[in-house]
Amino acid sequence: MLPQKSIDYRNQALSTWRFKVGMLMKLPSVFWWGISIRSLNEESCEVTIPYSWRTQNPFKSIYFAALNGAGELSTGALCQMYIAGLGSYSMLVTQFRSEFYKKATTKVTFSCSQGRKVHEVLSSLQSGSFSTLELESVGKNTNGEVVARIFVTWSFKKRD
């Protein structure tokens, strides 16, 4: 069961207008590309990115940077949800790797299903200590084909 602050974070992330306003203020590229969080729970986070003129590259597929942004958000939102209920932490990307398998010519949904692992790492940290965690997000097109895999290593430090 999630703490109330984590539930509040999840509800805000899933609220279309609150998410869009938040992204416009803090991550305008996510707002511009039309990325949205479709689901967020204890286990996983799903983020979609549309195939549109805003995300398209000259080769008529979704720009790799936009795909990376959606993949990172699916891991980061999961981490932020748990952090909201556990106290004060700093969080930083320390490594990032992408693998692309297929041209992204439809909406792509990125899914990170390592929520339990995030919770284990964060809840085990003591004040002043830090840990890293690599999370994987798999991006699939509307036909269910894997378009990309995004690997994000997050560093967490528990503040006093």
# chains A, B, ... in the order shown; residues from 1 in each chain; ligands from 1
$ residues_around --residues "Phe156 (chain A)" --least-positions-apart "3" --cutoff "8 Å" --atoms "only C-alpha atoms" --output "count of residues only"
8
$ residues_around --residues "Asn68 (chain A)" --least-positions-apart "4" --cutoff "8 Å" --atoms "only C-alpha atoms" --output "ChimeraX atom specification"
/A:64,72,98,150
$ closest_atom_pairs --of "region 11-92 of chain A" --to "region 109-118 of chain A" --cutoff "7 Å" --atoms "only C-alpha atoms" --output "JSON lines"
{"residue": "A:Glu42", "atom": "CA", "partner": "A:Gly115", "partner_atom": "CA", "distance": 5.5}
{"residue": "A:Glu43", "atom": "CA", "partner": "A:Gly115", "partner_atom": "CA", "distance": 4.3}
{"residue": "A:Ser44", "atom": "CA", "partner": "A:Ser113", "partner_atom": "CA", "distance": 4.1}
{"residue": "A:Cys45", "atom": "CA", "partner": "A:Cys112", "partner_atom": "CA", "distance": 5.5}
{"residue": "A:Glu46", "atom": "CA", "partner": "A:Ser111", "partner_atom": "CA", "distance": 4.5}
{"residue": "A:Val47", "atom": "CA", "partner": "A:Phe110", "partner_atom": "CA", "distance": 5.2}
{"residue": "A:Thr48", "atom": "CA", "partner": "A:Thr109", "partner_atom": "CA", "distance": 4.3}
{"residue": "A:Ile49", "atom": "CA", "partner": "A:Thr109", "partner_atom": "CA", "distance": 6.5}
{"residue": "A:Ala70", "atom": "CA", "partner": "A:Phe110", "partner_atom": "CA", "distance": 6.8}
{"residue": "A:Gly71", "atom": "CA", "partner": "A:Phe110", "partner_atom": "CA", "distance": 5.7}
{"residue": "A:Ser74", "atom": "CA", "partner": "A:Cys112", "partner_atom": "CA", "distance": 5.9}
{"residue": "A:Thr75", "atom": "CA", "partner": "A:Cys112", "partner_atom": "CA", "distance": 5.9}
{"residue": "A:Leu78", "atom": "CA", "partner": "A:Gly115", "partner_atom": "CA", "distance": 6.4}
{"residue": "A:Cys79", "atom": "CA", "partner": "A:Val118", "partner_atom": "CA", "distance": 6.3}
$ closest_residue --among "A:Ser6, A:Met1, A:Leu14, A:Lys103" --to "Gly85 (chain A)" --atoms "only C-alpha atoms"
A:Ser6
$ residues_around --residues "Phe100 (chain A)" --least-positions-apart "3" --cutoff "8 Å" --atoms "only C-alpha atoms" --output "VMD selection string"
chain A and resid 103 147 to 149
$ write_last_selection --atoms "N, CA and C atoms" --output "compact mmCIF listing (two decimals), in the first residue's frame"
# COMPACT_ATOMS: atom_id res chain seq x y z
N LYS A 103 11.91 1.54 -36.71
CA LYS A 103 11.51 2.92 -36.95
C LYS A 103 10.18 3.20 -36.23
N VAL A 147 10.15 -1.07 -30.22
CA VAL A 147 10.81 -0.03 -31.01
C VAL A 147 12.14 0.34 -30.37
N ALA A 148 12.16 0.41 -29.02
CA ALA A 148 13.36 0.85 -28.32
C ALA A 148 13.37 0.31 -26.89
N ARG A 149 14.56 0.23 -26.35
CA ARG A 149 14.76 -0.05 -24.93
C ARG A 149 15.64 1.07 -24.39
